[in-house]
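Chemist: Here you go, work.cif (mmCIF, C-alpha atoms):
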data_target
#
loop_
_atom_site.label_atom_id
_atom_site.label_comp_id
_atom_site.auth_asym_id
_atom_site.auth_seq_id
_atom_site.Cartn_x
_atom_site.Cartn_y
_atom_site.Cartn_z
CA MET A 1 205.25 -90.76 317.31
CA ALA A 2 201.73 -92.16 316.99
CA ASP A 3 198.81 -90.05 318.16
CA ASN A 4 196.87 -92.25 320.59
CA ARG A 5 194.22 -89.66 321.42
CA PRO A 6 190.60 -90.17 320.27
CA PRO A 7 189.89 -89.41 316.61
CA LEU A 8 188.41 -86.04 315.74
CA LYS A 9 185.35 -85.03 313.75
CA ILE A 10 186.29 -82.20 311.39
CA VAL A 11 183.88 -80.11 309.31
CA GLN A 12 185.35 -78.08 306.45
CA VAL A 13 183.19 -75.42 304.78
CA LEU A 14 183.85 -73.80 301.40
CA PRO A 15 181.70 -72.35 298.58
CA ALA A 16 181.82 -75.21 296.05
CA LEU A 17 183.88 -78.19 294.89
CA ASN A 18 184.57 -77.59 291.20
CA SER A 19 188.25 -76.75 290.68
CA GLY A 20 190.99 -74.60 292.13
CA GLY A 21 193.62 -74.65 294.83
CA VAL A 22 191.25 -74.14 297.78
CA GLU A 23 189.04 -76.96 296.56
CA ARG A 24 191.89 -79.37 295.96
CA GLY A 25 193.42 -78.51 299.32
CA THR A 26 190.12 -79.23 301.06
CA VAL A 27 189.69 -82.59 299.32
CA GLU A 28 193.29 -83.61 300.00
CA LEU A 29 193.11 -82.73 303.69
CA ALA A 30 189.78 -84.57 303.94
CA ARG A 31 191.37 -87.68 302.43
CA GLU A 32 194.32 -87.53 304.84
CA LEU A 33 191.99 -87.06 307.81
CA VAL A 34 190.08 -90.20 306.84
CA ARG A 35 193.34 -92.11 306.37
CA GLY A 36 194.32 -91.03 309.87
CA GLY A 37 191.11 -92.47 311.34
CA HIS A 38 189.29 -89.15 311.78
CA GLN A 39 185.76 -88.29 310.63
CA SER A 40 185.66 -85.82 307.75
CA VAL A 41 182.63 -83.77 306.71
CA VAL A 42 182.64 -81.16 303.95
CA ILE A 43 179.85 -78.63 303.47
CA SER A 44 179.60 -76.87 300.09
CA ALA A 45 177.22 -76.07 297.25
CA GLY A 46 178.50 -79.14 295.40
CA GLY A 47 180.55 -79.59 292.24
CA ARG A 48 182.49 -82.08 290.18
CA MET A 49 184.91 -82.99 292.99
CA VAL A 50 182.17 -84.27 295.33
CA GLU A 51 182.11 -87.80 293.90
CA GLY A 52 185.82 -88.32 294.55
CA LEU A 53 185.58 -86.77 298.01
CA VAL A 54 182.84 -89.19 299.04
CA ALA A 55 184.61 -92.16 297.44
CA GLU A 56 187.61 -91.41 299.65
CA GLY A 57 185.54 -91.67 302.82
CA SER A 58 184.30 -88.17 303.63
CA GLU A 59 180.68 -87.13 304.04
CA HIS A 60 179.48 -84.27 301.84
CA ILE A 61 176.54 -82.07 302.81
CA GLU A 62 175.20 -79.84 300.06
CA MET A 63 174.19 -76.36 301.17
CA PRO A 64 173.99 -73.03 299.27
CA VAL A 65 176.87 -71.41 301.15
CA HIS A 66 178.49 -69.94 298.04
CA ARG A 67 176.40 -66.83 297.38
CA LYS A 68 177.92 -63.42 298.15
CA SER A 69 174.49 -62.05 298.97
CA LEU A 70 172.40 -61.02 301.95
CA MET A 71 170.17 -63.95 300.99
CA SER A 72 172.90 -66.18 302.38
CA LEU A 73 171.89 -65.04 305.86
CA LEU A 74 168.88 -67.33 305.46
CA GLN A 75 171.34 -70.20 305.84
CA VAL A 76 172.49 -69.16 309.32
CA ARG A 77 169.80 -71.02 311.27
CA PRO A 78 170.00 -74.18 309.13
CA MET A 79 173.79 -74.10 309.58
CA ARG A 80 173.43 -73.76 313.36
CA ARG A 81 171.04 -76.73 313.47
CA LEU A 82 173.44 -78.73 311.32
CA LEU A 83 176.47 -77.95 313.48
CA VAL A 84 174.55 -78.91 316.62
CA GLU A 85 173.51 -82.17 314.96
CA LEU A 86 177.00 -82.99 313.70
CA GLN A 87 178.63 -82.48 317.12
CA ALA A 88 181.97 -81.84 315.46
CA ASP A 89 185.18 -81.03 317.28
CA ILE A 90 186.32 -78.45 314.72
CA VAL A 91 184.63 -76.38 312.02
CA HIS A 92 187.17 -75.07 309.53
CA VAL A 93 186.11 -72.27 307.15
CA ARG A 94 188.02 -71.60 303.94
CA SER A 95 186.24 -68.69 302.24
CA ARG A 96 184.48 -65.48 303.21
CA ALA A 97 180.85 -66.09 302.16
CA PRO A 98 180.53 -69.43 303.99
CA ALA A 99 182.62 -68.02 306.85
CA TRP A 100 179.93 -65.41 307.53
CA ILE A 101 177.22 -68.08 307.61
CA VAL A 102 179.28 -70.34 309.89
CA TRP A 103 180.44 -67.55 312.21
CA LEU A 104 176.93 -66.16 312.73
CA ALA A 105 175.64 -69.70 313.35
CA TRP A 106 178.54 -70.62 315.64
CA ARG A 107 178.25 -67.40 317.66
CA GLY A 108 174.71 -68.38 318.68
CA MET A 109 175.74 -71.83 319.96
CA ASN A 110 176.63 -72.86 323.51
CA PRO A 111 180.28 -71.78 324.00
CA LYS A 112 180.93 -74.86 326.15
CA THR A 113 179.81 -77.41 323.54
CA ARG A 114 180.17 -75.74 320.14
CA PRO A 115 183.04 -76.80 317.85
CA ARG A 116 186.27 -74.83 317.88
CA LEU A 117 186.42 -72.43 314.93
CA VAL A 118 189.41 -72.32 312.55
CA SER A 119 189.86 -70.32 309.35
CA THR A 120 192.42 -70.51 306.58
CA PHE A 121 193.47 -67.35 304.78
CA HIS A 122 193.94 -68.67 301.25
CA GLY A 123 194.63 -65.19 299.92
CA MET A 124 195.35 -61.55 300.59
CA TYR A 125 191.70 -60.59 300.89
CA SER A 126 190.56 -57.01 300.36
CA ILE A 127 190.69 -55.05 303.61
CA ASN A 128 187.08 -54.43 304.58
CA PHE A 129 184.30 -55.52 306.91
CA TYR A 130 183.31 -58.41 304.65
CA SER A 131 186.79 -59.95 304.64
CA ALA A 132 187.35 -59.38 308.37
CA VAL A 133 185.17 -62.40 309.19
CA MET A 134 188.14 -64.64 308.36
CA ALA A 135 190.01 -63.06 311.27
CA ARG A 136 187.16 -63.76 313.72
CA ALA A 137 188.04 -67.46 314.02
CA GLU A 138 189.61 -68.74 317.23
CA HIS A 139 192.72 -69.64 315.27
CA VAL A 140 193.89 -68.63 311.81
CA ILE A 141 196.02 -70.63 309.37
CA ALA A 142 198.13 -68.73 306.82
CA ILE A 143 199.21 -70.67 303.72
CA SER A 144 202.44 -68.72 303.21
CA ASP A 145 204.67 -66.25 304.98
CA CYS A 146 203.49 -63.39 302.76
CA VAL A 147 199.88 -64.17 303.74
CA LYS A 148 200.84 -64.27 307.43
CA LYS A 149 202.52 -60.87 307.16
CA TYR A 150 199.44 -59.53 305.35
CA ILE A 151 197.16 -60.70 308.19
CA LEU A 152 199.41 -59.15 310.82
CA SER A 153 199.58 -55.88 308.92
CA ASN A 154 195.89 -55.51 308.13
CA TYR A 155 193.83 -57.41 310.74
CA ARG A 156 193.84 -57.28 314.52
CA VAL A 157 194.98 -60.86 314.99
CA PRO A 158 197.65 -61.58 317.64
CA GLU A 159 200.60 -63.45 316.16
CA GLN A 160 200.11 -66.35 318.58
CA LYS A 161 196.70 -66.96 316.99
CA ILE A 162 198.22 -67.46 313.51
CA THR A 163 199.96 -70.60 312.30
CA LEU A 164 201.86 -70.79 309.02
CA ILE A 165 201.08 -74.06 307.24
CA PRO A 166 202.01 -74.35 303.54
CA ARG A 167 199.63 -76.32 301.36
CA GLY A 168 200.80 -79.90 301.24
CA LEU A 169 201.01 -82.10 298.16
CA ASP A 170 200.58 -85.86 297.87
CA PRO A 171 203.85 -87.60 296.94
CA ALA A 172 201.83 -90.54 295.63
CA ALA A 173 200.36 -88.24 292.98
CA PHE A 174 203.23 -85.82 292.34
CA ASN A 175 206.44 -87.71 291.65
CA VAL A 176 208.86 -88.50 288.82
CA ASP A 177 206.80 -91.54 287.77
CA ALA A 178 203.58 -89.55 287.22
CA CYS A 179 204.08 -89.62 283.43
CA THR A 180 203.76 -93.26 282.39
CA PRO A 181 204.68 -94.58 278.92
CA GLU A 182 200.99 -95.29 278.30
CA TRP A 183 199.98 -91.75 279.24
CA ARG A 184 202.72 -90.27 277.07
CA LYS A 185 201.58 -92.35 274.10
CA GLU A 186 197.95 -91.28 274.53
CA LEU A 187 198.93 -87.62 274.83
CA LEU A 188 201.10 -87.65 271.70
CA THR A 189 198.33 -89.40 269.80
CA ALA A 190 195.89 -86.65 270.81
CA TYR A 191 198.44 -83.85 270.32
CA PRO A 192 200.99 -84.97 267.72
CA GLU A 193 202.41 -81.43 267.59
CA LEU A 194 204.13 -82.18 270.93
CA ARG A 195 206.20 -85.03 269.54
CA ASP A 196 209.99 -84.45 269.75
CA LYS A 197 209.43 -81.08 271.44
CA HIS A 198 210.44 -79.62 274.79
CA VAL A 199 207.06 -78.93 276.40
CA ILE A 200 206.90 -75.62 278.26
CA LEU A 201 203.95 -75.94 280.64
CA MET A 202 201.63 -73.14 281.77
CA PRO A 203 199.13 -74.57 284.30
CA GLY A 204 196.28 -72.69 286.00
CA ARG A 205 192.75 -71.57 285.35
CA LEU A 206 192.37 -69.03 282.56
CA SER A 207 192.21 -65.68 284.32
CA ARG A 208 193.72 -62.28 283.50
CA TRP A 209 195.91 -62.23 286.60
CA LYS A 210 197.25 -65.77 286.16
CA GLY A 211 199.63 -64.68 283.40
CA GLN A 212 198.58 -66.53 280.24
CA GLU A 213 199.08 -63.35 278.17
CA ALA A 214 202.61 -62.94 279.55
CA PHE A 215 203.20 -66.61 278.74
CA LEU A 216 202.32 -66.00 275.09
CA GLN A 217 204.68 -63.01 274.98
CA MET A 218 207.39 -65.14 276.56
CA MET A 219 206.85 -67.96 274.05
CA VAL A 220 207.41 -65.52 271.16
CA ARG A 221 210.88 -64.85 272.54
CA LEU A 222 211.60 -68.46 273.47
CA VAL A 223 210.84 -69.88 270.02
CA SER A 224 213.12 -67.24 268.55
CA LEU A 225 215.91 -68.66 270.73
CA ARG A 226 215.20 -72.28 269.86
CA LYS A 227 212.72 -74.03 267.59
CA ASP A 228 212.26 -77.25 269.58
CA CYS A 229 209.88 -75.82 272.20
CA HIS A 230 206.10 -76.06 272.36
CA GLY A 231 203.91 -74.29 274.91
CA VAL A 232 201.05 -76.14 276.58
CA VAL A 233 198.40 -74.24 278.53
CA VAL A 234 196.44 -76.45 280.96
CA GLY A 235 193.27 -75.01 282.51
CA ASP A 236 189.89 -73.66 281.53
CA ALA A 237 188.05 -70.39 281.96
CA GLU A 238 185.73 -69.82 284.89
CA PRO A 239 181.99 -70.17 284.24
CA GLY A 240 180.73 -67.16 282.30
CA LYS A 241 184.23 -66.09 281.26
CA GLN A 242 184.69 -68.18 278.13
CA HIS A 243 185.32 -64.98 276.19
CA TYR A 244 188.75 -64.76 277.83
CA PHE A 245 189.71 -68.11 276.34
CA GLU A 246 188.66 -66.81 272.93
CA GLU A 247 190.78 -63.68 273.50
CA LEU A 248 193.81 -65.81 274.30
CA ILE A 249 193.36 -67.91 271.17
CA ALA A 250 193.15 -64.73 269.09
CA GLN A 251 196.30 -63.36 270.76
CA ARG A 252 198.15 -66.62 270.19
CA ASP A 253 197.29 -66.62 266.50
CA ALA A 254 198.13 -62.92 266.08
CA LEU A 255 201.58 -63.57 267.59
CA GLY A 256 202.26 -66.35 265.09
CA LEU A 257 202.08 -69.06 267.74
CA ALA A 258 199.19 -71.12 266.33
CA ASP A 259 201.53 -74.06 265.79
CA LYS A 260 203.69 -73.34 268.85
CA VAL A 261 201.16 -73.16 271.73
CA THR A 262 198.38 -75.65 272.48
CA PHE A 263 195.47 -75.12 274.88
CA VAL A 264 194.30 -78.46 276.34
CA GLY A 265 191.57 -77.20 278.72
CA HIS A 266 190.85 -78.57 282.18
CA ARG A 267 192.73 -81.78 282.95
CA SER A 268 192.60 -84.08 285.96
CA ASP A 269 196.02 -85.54 285.05
CA ILE A 270 198.07 -82.41 285.78
CA SER A 271 200.73 -84.40 287.64
CA ALA A 272 201.53 -86.30 284.43
CA PHE A 273 201.82 -83.01 282.54
CA TYR A 274 204.29 -81.74 285.13
CA ALA A 275 206.44 -84.85 284.78
CA PHE A 276 206.21 -84.73 280.97
CA ALA A 277 207.21 -81.07 280.68
CA SER A 278 210.76 -79.76 280.39
CA VAL A 279 209.93 -76.58 282.34
CA THR A 280 206.84 -75.33 284.20
CA CYS A 281 205.99 -71.60 284.18
CA HIS A 282 204.37 -69.51 286.91
CA MET A 283 203.63 -65.99 285.63
CA SER A 284 200.91 -64.40 287.78
CA ASN A 285 200.88 -60.62 287.36
CA LYS A 286 200.32 -59.96 291.08
CA GLU A 287 201.41 -61.56 294.33
CA GLU A 288 199.88 -65.01 294.55
CA PRO A 289 199.20 -66.20 298.10
CA PHE A 290 200.81 -69.60 297.52
CA GLY A 291 201.07 -70.79 293.91
CA ARG A 292 200.75 -74.53 294.33
CA THR A 293 201.90 -75.27 290.78
CA VAL A 294 205.45 -74.49 291.96
CA PRO A 295 205.89 -77.25 294.59
CA GLU A 296 203.76 -79.68 292.57
CA SER A 297 206.02 -79.40 289.56
CA LEU A 298 209.17 -79.51 291.66
CA ALA A 299 207.93 -82.72 293.31
CA THR A 300 207.80 -84.39 289.89
CA GLY A 301 211.39 -83.35 289.20
CA THR A 302 210.50 -80.64 286.69
CA PRO A 303 212.12 -77.21 287.17
CA VAL A 304 209.95 -74.11 287.51
CA VAL A 305 210.56 -70.56 286.35
CA ALA A 306 208.55 -67.92 288.21
CA PHE A 307 208.42 -64.19 288.81
CA ASP A 308 210.10 -63.29 292.10
CA ARG A 309 207.10 -62.30 294.23
CA GLY A 310 204.47 -63.72 296.55
CA GLY A 311 204.03 -67.29 297.69
CA ALA A 312 205.49 -68.69 294.47
CA SER A 313 208.75 -66.94 295.30
CA GLU A 314 208.76 -68.52 298.78
CA SER A 315 208.33 -72.11 297.59
CA LEU A 316 210.76 -71.66 294.69
CA ASN A 317 213.35 -70.15 297.04
CA ALA A 318 212.91 -73.22 299.23
CA GLY A 319 213.20 -75.84 296.49
CA PHE A 320 214.75 -74.37 293.34
CA PRO A 321 215.92 -70.74 293.66
CA GLN A 322 217.56 -70.87 290.21
CA GLY A 323 214.09 -70.55 288.71
CA LEU A 324 213.39 -67.04 290.01
CA VAL A 325 213.43 -64.09 287.59
CA PRO A 326 212.59 -60.39 288.12
CA ALA A 327 208.84 -59.74 288.24
CA ASP A 328 207.20 -59.09 284.85
CA ASP A 329 210.47 -59.44 282.88
CA VAL A 330 209.34 -61.79 280.08
CA VAL A 331 212.66 -61.46 278.24
CA ALA A 332 214.63 -62.68 281.27
CA PHE A 333 211.96 -65.34 281.75
CA ALA A 334 212.47 -66.72 278.22
CA VAL A 335 216.26 -66.74 278.67
CA ARG A 336 215.94 -68.62 281.98
CA VAL A 337 213.60 -71.21 280.45
CA ASP A 338 216.07 -71.67 277.61
CA ASP A 339 218.92 -72.13 280.10
CA LEU A 340 217.04 -74.71 282.17
CA ILE A 341 215.86 -76.92 279.30
CA ASP A 342 219.27 -78.54 278.97
CA ALA A 343 220.45 -78.03 282.56
CA ASP A 344 220.76 -80.73 285.19
CA ALA A 345 218.38 -79.21 287.73
CA GLU A 346 219.02 -79.82 291.43
CA ILE A 347 215.63 -79.74 293.11
CA LYS A 348 215.23 -80.14 296.87
CA LEU A 349 211.66 -79.55 298.02
CA PRO A 350 211.37 -79.37 301.85
CA GLU A 351 209.13 -81.81 303.71
CA SER A 352 206.95 -78.89 304.86
CA TYR A 353 205.43 -78.83 301.36
CA TYR A 354 204.04 -82.37 301.62
CA LEU A 355 200.65 -83.49 302.89
CA SER A 356 202.05 -85.44 305.84
CA SER A 357 203.53 -82.24 307.24
CA GLN A 358 200.39 -80.22 306.50
CA LEU A 359 198.19 -82.82 308.20
CA ALA A 360 200.42 -83.00 311.28
CA SER A 361 200.56 -79.20 311.58
CA THR A 362 196.80 -78.78 311.03
CA LEU A 363 195.96 -81.51 313.54
CA GLY A 364 198.30 -79.73 315.94
CA VAL A 365 196.19 -76.56 315.59
CA TYR A 366 192.99 -78.57 316.13
CA ARG A 367 194.36 -80.42 319.17
CA ARG A 368 195.67 -77.29 320.85
CA LEU A 369 192.27 -75.59 320.54
CA ILE A 370 190.52 -78.63 322.02
CA ASP A 371 193.07 -78.86 324.84
CA GLN A 372 192.55 -75.16 325.60
CA ARG A 373 188.84 -75.78 326.14
CA GLN A 374 189.52 -78.70 328.44
CA ASP A 375 191.88 -76.50 330.47
CA GLU A 376 189.20 -73.80 330.67
CA VAL A 377 186.63 -76.29 331.99
CA LYS A 378 188.96 -77.52 334.76
#
For this file, produce the structure as structure tokens.
Modeler:
Amino acid sequence: MADNRPPLKIVQVLPALNSGGVERGTVELARELVRGGHQSVVISAGGRMVEGLVAEGSEHIEMPVHRKSLMSLLQVRPMRRLLVELQADIVHVRSRAPAWIVWLAWRGMNPKTRPRLVSTFHGMYSINFYSAVMARAEHVIAISDCVKKYILSNYRVPEQKITLIPRGLDPAAFNVDACTPEWRKELLTAYPELRDKHVILMPGRLSRWKGQEAFLQMMVRLVSLRKDCHGVVVGDAEPGKQHYFEELIAQRDALGLADKVTFVGHRSDISAFYAFASVTCHMSNKEEPFGRTVPESLATGTPVVAFDRGGASESLNAGFPQGLVPADDVVAFAVRVDDLIDADAEIKLPESYYLSSQLASTLGVYRRLIDQRQDEVK
């Protein structure tokens, strides 16, 4: 049913727009808001995703809201002036440092005219005063059931003030046709070692908890089971942590995988990699709040193998439970990958994991908050 109510003006605030799940989720929601006729504003310290955000119809305002420092308190008054000027319906915070700036600014505004305040818990934040600001919003969005349970267990937030909304993906980007013949040809020209191989994909930024080391250990076992596999690691190290990439290369070579695993760095064509791969791996060594690589890969028709924990377990249970293996068991992981390479995978990803559902649910949160204020005024 069409929403005939007036369009909304939504302000999203996050530290920066470089890479990562929070950033991509912000940009995707902004795009869908614009498509739906709403006004979208994003406030951040900038980054490589700004150009695309603006091209898709959102306004970007650059502000140093990323620093985890008391100096960030200097941004409270400028933020308050900006929010008054923008006259937004909703301000939606997505990270703790900017949330403090926004909350302190918002608290000093006229309660009758200020925007409604929403936060999204993108993770299981450490339990302390600093993190508690995310629970101070008028309504809280949890990106997975495990995150919702974490909020209920550790923060004084009534359950009726929390809405579970999984991160949505864009079916126009993540589908079985994402890997075109032209793309495949270009990739094999750049990486001829992938020709005639089953590509085993490991996506995600290079970080110790993301599981790249476990992936290398798993690949040792997998190539002993069959010789026609090649591992591909997509993602780069965070700024200032390039040494971890060098460690991984050294580990790969020491394990005899120099010609069996390729690191391709940051790529903007991850959907094509999903569709090209035979199996996608998710191997985080701790509970991940959501693990968006799981539904993204499933949407392209490529099976996923993941450790049975956290948000990745939830989405895999929903779309492809055959891919779950006991946490941290790399031997079982290799066996499951081997089994799935030649299997006819039945993947059924629920609609709740698509952007249309996320947008409708998020707009529902926004509308209810606005309606509550109107009821209060009456």
Chemist: Given the file shown, determine the residues that the PyMOL selection byres ((chain A and resi 216-229) around 10) selects; report them as an mmCIF file with C-alpha atoms, in the frame of the given file.
Modeler:
data_model
loop_
_atom_site.group_PDB
_atom_site.id
_atom_site.type_symbol
_atom_site.label_atom_id
_atom_site.label_comp_id
_atom_site.auth_asym_id
_atom_site.auth_seq_id
_atom_site.Cartn_x
_atom_site.Cartn_y
_atom_site.Cartn_z
ATOM 1 C CA LEU A 194 204.130 -82.180 270.930
ATOM 2 C CA ARG A 195 206.200 -85.030 269.540
ATOM 3 C CA ASP A 196 209.990 -84.450 269.750
ATOM 4 C CA LYS A 197 209.430 -81.080 271.440
ATOM 5 C CA HIS A 198 210.440 -79.620 274.790
ATOM 6 C CA VAL A 199 207.060 -78.930 276.400
ATOM 7 C CA ILE A 200 206.900 -75.620 278.260
ATOM 8 C CA MET A 202 201.630 -73.140 281.770
ATOM 9 C CA GLY A 211 199.630 -64.680 283.400
ATOM 10 C CA GLN A 212 198.580 -66.530 280.240
ATOM 11 C CA GLU A 213 199.080 -63.350 278.170
ATOM 12 C CA ALA A 214 202.610 -62.940 279.550
ATOM 13 C CA PHE A 215 203.200 -66.610 278.740
ATOM 14 C CA HIS A 230 206.100 -76.060 272.360
ATOM 15 C CA GLY A 231 203.910 -74.290 274.910
ATOM 16 C CA VAL A 232 201.050 -76.140 276.580
ATOM 17 C CA VAL A 233 198.400 -74.240 278.530
ATOM 18 C CA LEU A 248 193.810 -65.810 274.300
ATOM 19 C CA ILE A 249 193.360 -67.910 271.170
ATOM 20 C CA GLN A 251 196.300 -63.360 270.760
ATOM 21 C CA ARG A 252 198.150 -66.620 270.190
ATOM 22 C CA ASP A 253 197.290 -66.620 266.500
ATOM 23 C CA LEU A 255 201.580 -63.570 267.590
ATOM 24 C CA GLY A 256 202.260 -66.350 265.090
ATOM 25 C CA LEU A 257 202.080 -69.060 267.740
ATOM 26 C CA LYS A 260 203.690 -73.340 268.850
ATOM 27 C CA VAL A 261 201.160 -73.160 271.730
ATOM 28 C CA SER A 278 210.760 -79.760 280.390
ATOM 29 C CA MET A 283 203.630 -65.990 285.630
ATOM 30 C CA ASP A 329 210.470 -59.440 282.880
ATOM 31 C CA VAL A 330 209.340 -61.790 280.080
ATOM 32 C CA VAL A 331 212.660 -61.460 278.240
ATOM 33 C CA ALA A 332 214.630 -62.680 281.270
ATOM 34 C CA PHE A 333 211.960 -65.340 281.750
ATOM 35 C CA ALA A 334 212.470 -66.720 278.220
ATOM 36 C CA VAL A 335 216.260 -66.740 278.670
ATOM 37 C CA ARG A 336 215.940 -68.620 281.980
ATOM 38 C CA VAL A 337 213.600 -71.210 280.450
ATOM 39 C CA ASP A 338 216.070 -71.670 277.610
ATOM 40 C CA ILE A 341 215.860 -76.920 279.300
#
Chemist: For A:Val234, work out the shell of residues within 10 Å, counting only C-alpha atoms and skipping chain neighbours fewer than 2 positions away, then give it as a PyMOL selection string.
Modeler: chain A and resi 201-206+231-232+236+262-270+273
Chemist: Produce a table with one row for each residue of stretch 261-316 of chain A that has an atom at most 12 Å from any atom of stretch 11-27 of chain A, each row naming the nearest atom pair and its distance in Å at one decimal; use only C-alpha atoms; arrange rows by chain and rising residue number; format as a Markdown table.
Modeler:
| residue | atom | partner | partner_atom | distance |
| --- | --- | --- | --- | --- |
| A:His266 | CA | A:Ser19 | CA | 9.1 |
| A:Arg267 | CA | A:Ser19 | CA | 10.3 |
| A:Ser268 | CA | A:Ser19 | CA | 9.7 |
| A:Glu288 | CA | A:Gly21 | CA | 11.5 |
| A:Pro289 | CA | A:Gly21 | CA | 10.6 |
| A:Phe290 | CA | A:Gly21 | CA | 9.2 |
| A:Gly291 | CA | A:Gly21 | CA | 8.4 |
| A:Arg292 | CA | A:Gly21 | CA | 7.1 |
| A:Thr293 | CA | A:Gly21 | CA | 9.2 |
| A:Glu296 | CA | A:Gly21 | CA | 11.5 |
Chemist: Run the PyMOL selection byres ((chain A and resi 301) around 7) against the file shown and list the residues it catches, as a ChimeraX atom specification.
Modeler: /A:176,275,297-300,302-303,347
Chemist: Which is closer to A:Leu363 than all the others in A:Ala277, A:Ala306, A:Ile61, A:Ile165, using all atoms listed in the file?
Modeler: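 Looking only at the distances to A:Leu363, the closest residue turns out to be A:Ile165.
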Chemist: So, counting all atoms listed in the file, which residue among A:Val140, A:Ala318, A:Met134, A:Ala360 is closest to A:Leu33?
Modeler: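 When distances to A:Leu33 are compared using all atoms listed in the file, the smallest one comes from A:Ala360.
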Chemist: Decode the PyMOL selection byres ((chain A and resi 115-119) around 10) for the given file into explicit residues and return them as a ChimeraX atom specification.
Modeler: /A:9-13,83-84,86-96,99,102-103,106-107,109-114,120-122,133-142,162,362,365-367,369-370,372-373
Chemist: Quick one: everything within 10 Å of A:Pro6, counting all atoms listed in the file, minus sequence neighbours fewer than 2 positions away in the same chain. Send it as a ChimeraX atom specification.
Modeler: /A:3-4,8-9,37-38
Chemist: When distances are computed from all atoms listed in the file, which of A:Tyr191, A:Glu287, A:Phe129, A:Tyr150 shows the smallest separation from A:Trp209?
Modeler: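 Closest candidate: A:Glu287.
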Chemist: Within 7 Å of (176.4, -68.3, 303.9) (coordinates as in the file), grab all the protein and nucleic acid residues, counting only C-alpha atoms, and write them out as an NGL selection string.
Modeler: :A and (65-67 or 72-73 or 75-76 or 97-102)
Chemist: For A:Phe320, which residue among A:Asp344, A:Pro64, A:Tyr125, A:Tyr244 is the nearest when counting all atoms listed in the file?
Modeler: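 Nearest to A:Phe320: A:Asp344.
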Chemist: Kindly complete stretch 283-287 of chain A to all heavy atoms; the output should be written as a CSV table (one decimal), in the frame of the given file.
Modeler:
chain,number,residue,atom,x,y,z
A,283,MET,N,203.5,-67.4,286.1
A,283,MET,CA,203.6,-66.0,285.6
A,283,MET,C,202.5,-65.0,286.1
A,283,MET,O,202.2,-64.1,285.4
A,283,MET,CB,203.7,-66.0,284.1
A,283,MET,CG,204.8,-66.9,283.5
A,283,MET,SD,205.0,-66.8,281.7
A,283,MET,CE,205.9,-65.3,281.6
A,284,SER,N,202.0,-65.3,287.3
A,284,SER,CA,200.9,-64.4,287.8
A,284,SER,C,201.4,-63.0,287.8
A,284,SER,O,202.5,-62.7,288.2
A,284,SER,CB,200.5,-64.8,289.2
A,284,SER,OG,199.9,-66.1,289.2
A,285,ASN,N,200.5,-62.0,287.4
A,285,ASN,CA,200.9,-60.6,287.4
A,285,ASN,C,200.7,-59.8,288.7
A,285,ASN,O,200.8,-58.6,288.7
A,285,ASN,CB,200.2,-59.9,286.2
A,285,ASN,CG,198.7,-60.0,286.3
A,285,ASN,OD1,198.1,-60.0,287.4
A,285,ASN,ND2,198.0,-60.1,285.1
A,286,LYS,N,200.4,-60.6,289.7
A,286,LYS,CA,200.3,-60.0,291.1
A,286,LYS,C,200.7,-61.0,292.1
A,286,LYS,O,200.9,-62.2,291.7
A,286,LYS,CB,198.9,-59.5,291.4
A,286,LYS,CG,197.8,-60.5,291.5
A,286,LYS,CD,196.5,-59.9,291.8
A,286,LYS,CE,195.4,-61.0,291.9
A,286,LYS,NZ,194.1,-60.4,292.2
A,287,GLU,N,201.0,-60.6,293.3
A,287,GLU,CA,201.4,-61.6,294.3
A,287,GLU,C,200.4,-62.7,294.5
A,287,GLU,O,199.2,-62.4,294.7
A,287,GLU,CB,201.6,-60.9,295.7
A,287,GLU,CG,202.9,-60.2,295.9
A,287,GLU,CD,203.1,-59.9,297.4
A,287,GLU,OE1,202.1,-59.7,298.1
A,287,GLU,OE2,204.3,-59.9,297.8
